[in-house]
Amino acid sequence: GKVYLPHPFNHEIPIKTLNTRGRYFGDGSQLQLDALELDLNGPHLSIVLNLVGDEDGVSFGANGIIRDINHENFSTHWPKSLATKARKWVVENVSQGTISEVRTAIQARYSKDIGFELLSLSGDMNIRGAEVSFISSIPSVANIMATARFNKNKLDIFITQAQLRGISTQKSVISFRGLDESDTYADIDLFIEGPMNKALSLIEEGPLGFMSAFGAFPDQVNGSTDAHVKLNFLVEDNLRMDKIDLDISARVQDFSIDNIIYGQGIHNGQLSLE
């Protein structure tokens, strides 16, 4: 079956089973659910919920844990009206991976005069084996292992491991800010390391390709690099490269390239690129 989340979510979530245990206090118009267990046709949700009614409306608080979320569940289980632009970006750009666990706490209120108010939202999650496309002209970053923290305004993803065609990262950050505003921005800080020729191969085939214009090719280059790539952009449909603020800095060790100027090469060089 399905469970329908009313306004402001207006979203249907598939449900397989539901079990609950709780108490109702009639004198104080209070409902306390000590355990609410749902099998959401794959993901499993456990909630502790407390609702208190008064003459003006209803206040409620909830603490929950969601386990075993697959990337295919993002579009079906993430309400479209919740962090709309971040949701759309994630659904369109994340093609693999699972979220083993999400822990969250919510405080909200509903009244006739104001309607639904999300007073506070916080939580964290563990991400395993994700694959993400940051820019359409560059291959996806694969095997992402990360943790994340979120609140009603911001989502921060802390990458501890990822791979991009032989280039690796062990500390990178993806942030979405303005989740509860009309404009949502993404800030991406990638710290990468690996062979210089593999890094240049990505640059050559991507939107910044330039080496072949100078008669040089990535397979001529040797060395290792540590690079910092920063991207900032407004999350919007049909994002173009000219709408992305991009900054790259890198250090290159043991740099060498053959036959670059009049048959001569460079060997054992050290470079710093800003």
# chains A, B, ... in the order shown; residues from 1 in each chain; ligands from 1
>>> residues_around(residues="Glu117 (chain A)", least_positions_apart="6", cutoff="10 Å", atoms="only C-alpha atoms", output="list in words")
Pro8, Ser59, Gln107, Ala108, Arg109, Tyr110 and Ser111 of chain A
>>> residues_around(residues="Gly166 (chain A)", least_positions_apart="5", cutoff="12 Å", atoms="only C-alpha atoms", output="list in words")
Pro139, Val141, Ala142, Asn143, Ile192, Glu193, Gly194, Pro195, Met196, Asn197, Lys198, Ala199, Leu200, Ser201, Leu202 and Ser224 of chain A
>>> closest_residue(among="A:Phe158, A:Ser120, A:Phe150, A:Asn93", to="Ser133 (chain A)", atoms="only C-alpha atoms")
A:Asn93
>>> residues_around(residues="Lys230 (chain A)", least_positions_apart="6", cutoff="9 Å", atoms="only C-alpha atoms", output="count of residues only")
10
>>> select_by_dssp(residues="region 117-215 of chain A", states="strand (DSSP E or B)", output="JSON, numbers by chain")
{"A": [117, 118, 119, 120, 121, 122, 123, 124, 125, 126, 127, 128, 129, 130, 131, 132, 141, 142, 143, 144, 145, 146, 147, 148, 149, 150, 151, 154, 155, 156, 157, 158, 159, 160, 161, 162, 163, 164, 167, 168, 169, 172, 173, 174, 175, 176, 177, 185, 186, 187, 188, 189, 190, 191, 192, 193, 194, 195]}
>>> decode(residues="region 58-90 of chain A", atoms="N, CA, C and O atoms", output="PDB file, in the first residue's frame")
ATOM      1  N   VAL A  58      -1.750  21.866  17.006  1.00  0.00           N
ATOM      2  CA  VAL A  58      -1.055  20.660  17.445  1.00  0.00           C
ATOM      3  C   VAL A  58       0.446  20.880  17.312  1.00  0.00           C
ATOM      4  O   VAL A  58       0.930  21.350  16.276  1.00  0.00           O
ATOM      5  N   SER A  59       1.194  20.531  18.367  1.00  0.00           N
ATOM      6  CA  SER A  59       2.656  20.540  18.320  1.00  0.00           C
ATOM      7  C   SER A  59       3.142  19.098  18.366  1.00  0.00           C
ATOM      8  O   SER A  59       2.552  18.256  19.062  1.00  0.00           O
ATOM      9  N   PHE A  60       4.201  18.833  17.612  1.00  0.00           N
ATOM     10  CA  PHE A  60       4.726  17.469  17.682  1.00  0.00           C
ATOM     11  C   PHE A  60       6.239  17.461  17.505  1.00  0.00           C
ATOM     12  O   PHE A  60       6.835  18.337  16.879  1.00  0.00           O
ATOM     13  N   GLY A  61       6.826  16.446  18.125  1.00  0.00           N
ATOM     14  CA  GLY A  61       8.256  16.201  18.003  1.00  0.00           C
ATOM     15  C   GLY A  61       8.485  14.745  17.684  1.00  0.00           C
ATOM     16  O   GLY A  61       7.727  13.869  18.123  1.00  0.00           O
ATOM     17  N   ALA A  62       9.509  14.474  16.896  1.00  0.00           N
ATOM     18  CA  ALA A  62       9.789  13.098  16.498  1.00  0.00           C
ATOM     19  C   ALA A  62      11.285  12.889  16.375  1.00  0.00           C
ATOM     20  O   ALA A  62      12.023  13.781  15.946  1.00  0.00           O
ATOM     21  N   ASN A  63      11.705  11.700  16.773  1.00  0.00           N
ATOM     22  CA  ASN A  63      13.068  11.232  16.532  1.00  0.00           C
ATOM     23  C   ASN A  63      12.974   9.933  15.748  1.00  0.00           C
ATOM     24  O   ASN A  63      12.191   9.037  16.120  1.00  0.00           O
ATOM     25  N   GLY A  64      13.737   9.845  14.665  1.00  0.00           N
ATOM     26  CA  GLY A  64      13.609   8.668  13.819  1.00  0.00           C
ATOM     27  C   GLY A  64      14.916   8.183  13.253  1.00  0.00           C
ATOM     28  O   GLY A  64      15.903   8.928  13.175  1.00  0.00           O
ATOM     29  N   ILE A  65      14.922   6.924  12.846  1.00  0.00           N
ATOM     30  CA  ILE A  65      16.052   6.299  12.157  1.00  0.00           C
ATOM     31  C   ILE A  65      15.506   5.579  10.927  1.00  0.00           C
ATOM     32  O   ILE A  65      14.550   4.806  11.025  1.00  0.00           O
ATOM     33  N   ILE A  66      16.094   5.883   9.773  1.00  0.00           N
ATOM     34  CA  ILE A  66      15.741   5.203   8.524  1.00  0.00           C
ATOM     35  C   ILE A  66      16.959   4.403   8.083  1.00  0.00           C
ATOM     36  O   ILE A  66      18.071   4.946   8.002  1.00  0.00           O
ATOM     37  N   ARG A  67      16.750   3.131   7.760  1.00  0.00           N
ATOM     38  CA  ARG A  67      17.856   2.263   7.363  1.00  0.00           C
ATOM     39  C   ARG A  67      17.618   1.698   5.964  1.00  0.00           C
ATOM     40  O   ARG A  67      16.486   1.576   5.510  1.00  0.00           O
ATOM     41  N   ASP A  68      18.745   1.380   5.282  1.00  0.00           N
ATOM     42  CA  ASP A  68      18.723   0.640   4.010  1.00  0.00           C
ATOM     43  C   ASP A  68      18.018   1.396   2.895  1.00  0.00           C
ATOM     44  O   ASP A  68      17.112   0.880   2.225  1.00  0.00           O
ATOM     45  N   ILE A  69      18.457   2.640   2.653  1.00  0.00           N
ATOM     46  CA  ILE A  69      17.910   3.435   1.548  1.00  0.00           C
ATOM     47  C   ILE A  69      18.798   3.259   0.327  1.00  0.00           C
ATOM     48  O   ILE A  69      20.005   3.508   0.381  1.00  0.00           O
ATOM     49  N   ASN A  70      18.216   2.825  -0.771  1.00  0.00           N
ATOM     50  CA  ASN A  70      18.920   2.706  -2.039  1.00  0.00           C
ATOM     51  C   ASN A  70      18.726   3.980  -2.850  1.00  0.00           C
ATOM     52  O   ASN A  70      17.733   4.691  -2.674  1.00  0.00           O
ATOM     53  N   HIS A  71      19.676   4.275  -3.752  1.00  0.00           N
ATOM     54  CA  HIS A  71      19.549   5.503  -4.550  1.00  0.00           C
ATOM     55  C   HIS A  71      18.246   5.534  -5.346  1.00  0.00           C
ATOM     56  O   HIS A  71      17.716   6.602  -5.645  1.00  0.00           O
ATOM     57  N   GLU A  72      17.695   4.362  -5.665  1.00  0.00           N
ATOM     58  CA  GLU A  72      16.434   4.311  -6.401  1.00  0.00           C
ATOM     59  C   GLU A  72      15.253   4.773  -5.543  1.00  0.00           C
ATOM     60  O   GLU A  72      14.182   5.091  -6.073  1.00  0.00           O
ATOM     61  N   ASN A  73      15.441   4.812  -4.229  1.00  0.00           N
ATOM     62  CA  ASN A  73      14.367   5.256  -3.328  1.00  0.00           C
ATOM     63  C   ASN A  73      14.299   6.774  -3.201  1.00  0.00           C
ATOM     64  O   ASN A  73      13.326   7.297  -2.640  1.00  0.00           O
ATOM     65  N   PHE A  74      15.326   7.497  -3.676  1.00  0.00           N
ATOM     66  CA  PHE A  74      15.345   8.949  -3.473  1.00  0.00           C
ATOM     67  C   PHE A  74      14.099   9.611  -4.056  1.00  0.00           C
ATOM     68  O   PHE A  74      13.480  10.463  -3.422  1.00  0.00           O
ATOM     69  N   SER A  75      13.725   9.243  -5.269  1.00  0.00           N
ATOM     70  CA  SER A  75      12.598   9.895  -5.929  1.00  0.00           C
ATOM     71  C   SER A  75      11.254   9.480  -5.327  1.00  0.00           C
ATOM     72  O   SER A  75      10.295  10.260  -5.356  1.00  0.00           O
ATOM     73  N   THR A  76      11.161   8.274  -4.763  1.00  0.00           N
ATOM     74  CA  THR A  76       9.890   7.789  -4.238  1.00  0.00           C
ATOM     75  C   THR A  76       9.693   8.128  -2.760  1.00  0.00           C
ATOM     76  O   THR A  76       8.559   8.291  -2.306  1.00  0.00           O
ATOM     77  N   HIS A  77      10.778   8.249  -2.006  1.00  0.00           N
ATOM     78  CA  HIS A  77      10.661   8.426  -0.566  1.00  0.00           C
ATOM     79  C   HIS A  77      11.023   9.833  -0.088  1.00  0.00           C
ATOM     80  O   HIS A  77      10.743  10.175   1.058  1.00  0.00           O
ATOM     81  N   TRP A  78      11.646  10.637  -0.919  1.00  0.00           N
ATOM     82  CA  TRP A  78      11.995  12.021  -0.560  1.00  0.00           C
ATOM     83  C   TRP A  78      10.884  12.930  -1.083  1.00  0.00           C
ATOM     84  O   TRP A  78      10.736  13.099  -2.291  1.00  0.00           O
ATOM     85  N   PRO A  79      10.079  13.541  -0.208  1.00  0.00           N
ATOM     86  CA  PRO A  79       8.973  14.398  -0.675  1.00  0.00           C
ATOM     87  C   PRO A  79       9.461  15.515  -1.597  1.00  0.00           C
ATOM     88  O   PRO A  79      10.472  16.163  -1.330  1.00  0.00           O
ATOM     89  N   LYS A  80       8.729  15.749  -2.675  1.00  0.00           N
ATOM     90  CA  LYS A  80       9.135  16.729  -3.670  1.00  0.00           C
ATOM     91  C   LYS A  80       9.181  18.147  -3.122  1.00  0.00           C
ATOM     92  O   LYS A  80       9.932  18.994  -3.625  1.00  0.00           O
ATOM     93  N   SER A  81       8.389  18.430  -2.105  1.00  0.00           N
ATOM     94  CA  SER A  81       8.340  19.793  -1.560  1.00  0.00           C
ATOM     95  C   SER A  81       9.369  20.037  -0.465  1.00  0.00           C
ATOM     96  O   SER A  81       9.450  21.151   0.060  1.00  0.00           O
ATOM     97  N   LEU A  82      10.164  19.035  -0.107  1.00  0.00           N
ATOM     98  CA  LEU A  82      11.161  19.170   0.951  1.00  0.00           C
ATOM     99  C   LEU A  82      12.539  19.365   0.322  1.00  0.00           C
ATOM    100  O   LEU A  82      13.066  18.464  -0.322  1.00  0.00           O
ATOM    101  N   ALA A  83      13.130  20.592   0.504  1.00  0.00           N
ATOM    102  CA  ALA A  83      14.428  20.931  -0.111  1.00  0.00           C
ATOM    103  C   ALA A  83      14.371  20.614  -1.608  1.00  0.00           C
ATOM    104  O   ALA A  83      15.155  19.831  -2.138  1.00  0.00           O
ATOM    105  N   THR A  84      13.438  21.253  -2.299  1.00  0.00           N
ATOM    106  CA  THR A  84      13.075  20.887  -3.671  1.00  0.00           C
ATOM    107  C   THR A  84      14.257  20.841  -4.632  1.00  0.00           C
ATOM    108  O   THR A  84      14.443  19.865  -5.369  1.00  0.00           O
ATOM    109  N   LYS A  85      15.077  21.892  -4.641  1.00  0.00           N
ATOM    110  CA  LYS A  85      16.165  21.951  -5.625  1.00  0.00           C
ATOM    111  C   LYS A  85      17.283  20.984  -5.299  1.00  0.00           C
ATOM    112  O   LYS A  85      17.875  20.373  -6.197  1.00  0.00           O
ATOM    113  N   ALA A  86      17.603  20.836  -4.014  1.00  0.00           N
ATOM    114  CA  ALA A  86      18.617  19.858  -3.628  1.00  0.00           C
ATOM    115  C   ALA A  86      18.142  18.447  -3.970  1.00  0.00           C
ATOM    116  O   ALA A  86      18.916  17.606  -4.454  1.00  0.00           O
ATOM    117  N   ARG A  87      16.840  18.175  -3.725  1.00  0.00           N
ATOM    118  CA  ARG A  87      16.275  16.874  -4.067  1.00  0.00           C
ATOM    119  C   ARG A  87      16.415  16.594  -5.556  1.00  0.00           C
ATOM    120  O   ARG A  87      16.832  15.497  -5.970  1.00  0.00           O
ATOM    121  N   LYS A  88      16.062  17.564  -6.390  1.00  0.00           N
ATOM    122  CA  LYS A  88      16.123  17.381  -7.836  1.00  0.00           C
ATOM    123  C   LYS A  88      17.556  17.110  -8.287  1.00  0.00           C
ATOM    124  O   LYS A  88      17.808  16.234  -9.119  1.00  0.00           O
ATOM    125  N   TRP A  89      18.529  17.863  -7.720  1.00  0.00           N
ATOM    126  CA  TRP A  89      19.935  17.674  -8.095  1.00  0.00           C
ATOM    127  C   TRP A  89      20.396  16.281  -7.701  1.00  0.00           C
ATOM    128  O   TRP A  89      21.056  15.593  -8.480  1.00  0.00           O
ATOM    129  N   VAL A  90      20.057  15.829  -6.513  1.00  0.00           N
ATOM    130  CA  VAL A  90      20.462  14.506  -6.045  1.00  0.00           C
ATOM    131  C   VAL A  90      19.838  13.412  -6.904  1.00  0.00           C
ATOM    132  O   VAL A  90      20.519  12.476  -7.344  1.00  0.00           O
TER     133      VAL A  90
END
